[in-house]
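Peer 1: Could you have a look at this structure, given as structure tokens, before my questions?
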Amino acid sequence: MRPPLRQVVMDVLDGSPNYKASRYVEWLITIVVLTNCSAVILDSVPEIHAEYKDFFHEFEFWSVMFFTLEYVLRVWSLGAKFADSEWRGRRQYIFSPFGLIDFFATMPHYLHIFFPTLDLRILRVLRLLRVLKLSKYNTALQDLFHAVYSERKAFGSAAFLLTIATVVSASLMHFAEGHHQPEFFGTIPHSIYWAIVTITSGYGNVDPMTKAGEAIALITGFLGVCMAAIMTGIVASAFSNQVARKKAAFEAQLREIFKDGNMSEEEEASLKRLQAHYRLTDEQVQAMLQRAQSKTAGVRS
């Protein structure tokens, strides 16, 4: 029995591996988003805008129609997600981060229709937010957020050290340079801005005039390099752990399936959905599949 059309549309837009069209839809949306963002960037150049403004306007119109159709189809098809309530699935999508991104992807065009005097720079920024739609098809950004959240205590400790380094270096710079450059170091809050720039970039926006100021600037720049190394190490470790957790979860699901020695069609479909969700390659899945089969055979023998 063939599933209803609404169910098929929902599965295709959701990237179900059961339909080849899912991959084509993902690529189509990705190409449209990237092309649209490139057009927004090029349209901000006055010379290009003057020559191709009609083309950019036409392209923006059809892009908005495309994104609007996608949004409407998602809202309509998600009525099939839960049998007990059509609006339950729709509400989940509309107020989810991805739903809000899809909604605001179309808003700049309609805002310009109703508010023609609105600053075009604001509209360009809003239109560039469409690039966030790509995070739906690539889990890298989600993995990063999950990784940072899982290491929030380490990040909190690093942020605490960063705050101490900023306040101390700013206070010392205020003492050393306050009388010589009062416009930049006359108060500690002014000096904090210099300290933040120096710690984050390694070089401040103002050159010190005293020997003490030069020494403080050198130490502050060195602290900035150390803090960057600490933060980078935390992010890299957390990101690696996040990927490892995904692989471990998928492998555990494989072992659970192979307990009875057989894989049903339903279990195979479930694994394909999990593979698509975790963005694992066929080679990675095949390697894990062989390990799971060998472990199952070893347990039986």
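Every chain in the structure tokens takes a letter, A first, then B, and so on in the order presented; its residues are numbered from 1, and the ligands are numbered from 1 following the presented order.
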Where in range 13-246 of chain A does DSSP assign helix (DSSP H, G or I), given as number ranges by chain?
Peer 2: A: 13, 20-43, 46-80, 86-94, 97-114, 120-136, 140-150, 152-177, 182-185, 188-201, 211-246
Peer 1: Compile the contact shell of range 262-272 of chain A as an NGL selection string: residues with an atom at most 9 Å away, counting only C-alpha atoms, same-chain residues fewer than 5 positions apart removed.
Peer 2: :A and (16-18 or 250 or 253-254 or 257 or 277)
Peer 1: Write a file of the selected residues as a short mmCIF file (atom, residue, chain, number, x, y, z; two decimals), in the first residue's frame, keeping all heavy atoms.
Peer 2:
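The resulting out_13.cif:
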```
data_model
loop_
_atom_site.label_atom_id
_atom_site.label_comp_id
_atom_site.auth_asym_id
_atom_site.auth_seq_id
_atom_site.Cartn_x
_atom_site.Cartn_y
_atom_site.Cartn_z
N SER A 16 14.49 11.68 4.10
CA SER A 16 14.39 10.24 4.31
C SER A 16 15.20 9.48 3.27
O SER A 16 15.11 9.76 2.07
CB SER A 16 12.91 9.82 4.23
OG SER A 16 12.81 8.40 4.26
N PRO A 17 16.01 8.49 3.70
CA PRO A 17 16.79 7.70 2.75
C PRO A 17 15.92 6.76 1.92
O PRO A 17 16.42 6.12 0.99
CB PRO A 17 17.76 6.92 3.65
CG PRO A 17 17.06 6.82 4.96
CD PRO A 17 16.26 8.08 5.10
N ASN A 18 14.64 6.65 2.25
CA ASN A 18 13.75 5.76 1.49
C ASN A 18 13.37 6.32 0.13
O ASN A 18 12.82 5.60 -0.71
CB ASN A 18 12.46 5.49 2.29
CG ASN A 18 12.75 4.77 3.61
OD1 ASN A 18 13.67 3.98 3.68
ND2 ASN A 18 11.98 5.08 4.63
N PHE A 250 25.56 4.68 17.01
CA PHE A 250 25.16 3.92 15.82
C PHE A 250 25.63 2.47 15.93
O PHE A 250 24.90 1.54 15.58
CB PHE A 250 25.77 4.57 14.57
CG PHE A 250 25.26 3.99 13.28
CD1 PHE A 250 24.08 4.46 12.72
CD2 PHE A 250 25.95 2.98 12.63
CE1 PHE A 250 23.60 3.94 11.53
CE2 PHE A 250 25.48 2.45 11.44
CZ PHE A 250 24.30 2.93 10.90
N GLN A 253 23.44 0.53 18.24
CA GLN A 253 22.19 0.17 17.56
C GLN A 253 22.40 -1.03 16.64
O GLN A 253 21.54 -1.92 16.56
CB GLN A 253 21.69 1.37 16.76
CG GLN A 253 20.34 1.17 16.09
CD GLN A 253 19.20 1.13 17.08
OE1 GLN A 253 19.34 1.55 18.22
NE2 GLN A 253 18.06 0.60 16.65
N LEU A 254 23.54 -1.09 15.98
CA LEU A 254 23.85 -2.23 15.12
C LEU A 254 23.94 -3.53 15.92
O LEU A 254 23.39 -4.56 15.53
CB LEU A 254 25.18 -1.98 14.40
CG LEU A 254 25.15 -1.17 13.10
CD1 LEU A 254 26.56 -0.97 12.58
CD2 LEU A 254 24.31 -1.86 12.05
N ILE A 257 20.59 -4.77 16.89
CA ILE A 257 19.86 -5.37 15.78
C ILE A 257 20.36 -6.79 15.49
O ILE A 257 19.58 -7.70 15.19
CB ILE A 257 19.97 -4.47 14.53
CG1 ILE A 257 19.12 -3.21 14.72
CG2 ILE A 257 19.54 -5.22 13.26
CD1 ILE A 257 19.27 -2.19 13.62
N HIS A 277 20.82 10.88 9.68
CA HIS A 277 20.80 11.86 10.77
C HIS A 277 22.19 12.16 11.28
O HIS A 277 22.53 13.33 11.55
CB HIS A 277 19.92 11.34 11.91
CG HIS A 277 19.87 12.26 13.10
ND1 HIS A 277 19.23 13.48 13.07
CD2 HIS A 277 20.39 12.13 14.34
CE1 HIS A 277 19.36 14.08 14.24
NE2 HIS A 277 20.06 13.28 15.04
#
```
Peer 1: Tyr24 in chain A: which residues within 10 Å, counting only C-alpha atoms, same-chain residues fewer than 6 positions away excluded, as an mmCIF file with N, CA, C and O atoms, in the first residue's frame?
Peer 2:
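The resulting file, part10.cif, is shown below:
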```cif
data_model
loop_
_atom_site.group_PDB
_atom_site.id
_atom_site.type_symbol
_atom_site.label_atom_id
_atom_site.label_comp_id
_atom_site.auth_asym_id
_atom_site.auth_seq_id
_atom_site.Cartn_x
_atom_site.Cartn_y
_atom_site.Cartn_z
ATOM 1 N N VAL A 12 10.285 13.219 2.102
ATOM 2 C CA VAL A 12 11.242 13.754 1.124
ATOM 3 C C VAL A 12 11.891 15.032 1.646
ATOM 4 O O VAL A 12 13.119 15.200 1.582
ATOM 5 N N GLY A 15 14.464 14.489 4.358
ATOM 6 C CA GLY A 15 15.700 13.796 4.002
ATOM 7 C C GLY A 15 15.666 12.301 4.227
ATOM 8 O O GLY A 15 16.704 11.694 4.524
ATOM 9 N N THR A 30 20.215 23.566 -1.351
ATOM 10 C CA THR A 30 21.574 24.035 -1.087
ATOM 11 C C THR A 30 22.064 24.964 -2.187
ATOM 12 O O THR A 30 22.625 26.035 -1.913
#
```
Peer 1: Using only C-alpha atoms, can you tell me which of A:Gly224, A:Pro208, A:Pro3, A:Gly99 comes closest to Leu162 in chain A?
Peer 2: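 Answer, going by the shortest atom-to-atom distance: A:Gly224.
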Peer 1: Compile the contact shell of Gly79 in chain A as JSON, numbers by chain: residues with an atom at most 9 Å away, counting only C-alpha atoms, same-chain residues fewer than 3 positions apart removed.
Peer 2: {"A": [6, 7, 10, 74, 75, 76, 82, 83, 85, 86, 87, 88, 89, 90]}
Peer 1: Hey, could you make a per-residue contact list for range 202-236 of chain A against range 146-152 of chain A with 9 Å as the cut-off, showing the nearest pair of atoms and its distance in Å to one decimal, counting only C-alpha atoms, sorted by chain and number, as CSV?
Peer 2:
```
residue,atom,partner,partner_atom,distance
A:Ile234,CA,A:Glu151,CA,7.4
A:Val235,CA,A:Val148,CA,6.6
A:Ala236,CA,A:Ala147,CA,8.9
```
Peer 1: Skip Ala212 in chain A itself and residues of its chain fewer than 4 positions away, then list as number ranges by chain all residues within 10 Å of it, counting only C-alpha atoms.
Peer 2: A: 172-173, 175-177, 208, 216-218
Peer 1: Mind giving me the straight-line distance from CA of Phe103 in chain A to CA of Lys133 in chain A in Å, one decimal?
Peer 2: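 Going from CA of Phe103 in chain A over to CA of Lys133 in chain A, I get 10.3 Å.
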Peer 1: Between CA of Thr35 in chain A and CA of Phe114 in chain A, measure the distance and give it in Å to one decimal.
Peer 2: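 Result for CA of Thr35 in chain A versus CA of Phe114 in chain A: 25.4 Å, one decimal.
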Peer 1: For range 25-28 of chain A, list every protein, DNA or RNA residue within 10 Å, evaluated using only C-alpha atoms, and leave out those in the same chain fewer than 5 positions away; present the list as a PyMOL selection string.
Peer 2: chain A and resi 12-15+20+33+134+136-137
Peer 1: So, with only C-alpha atoms as the atoms that count, which of A:Gly204, A:Ser169, A:Leu144, A:His190 lies closest to Ala238 in chain A?
Peer 2: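 Checking each candidate against Ala238 in chain A, we get A:Leu144 as the closest.
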Peer 1: Hey, can you check how far CA of Arg255 in chain A sits from CA of Ser294 in chain A?
Peer 2: 10.0 Å
Peer 1: Given the choices A:Thr166, A:Ser63, A:Asn205, A:Thr68, which gets closest to Val32 in chain A if the distance is worked out from only C-alpha atoms?
Peer 2: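 Once distances to Val32 in chain A are computed over only C-alpha atoms, the minimum belongs to A:Ser63.
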Peer 1: So, counting only C-alpha atoms, which residue among A:Phe145, A:Tyr203, A:Phe59, A:Tyr71 is closest to Leu100 in chain A?
Peer 2: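 Distance minimum relative to Leu100 in chain A lands on A:Tyr71.
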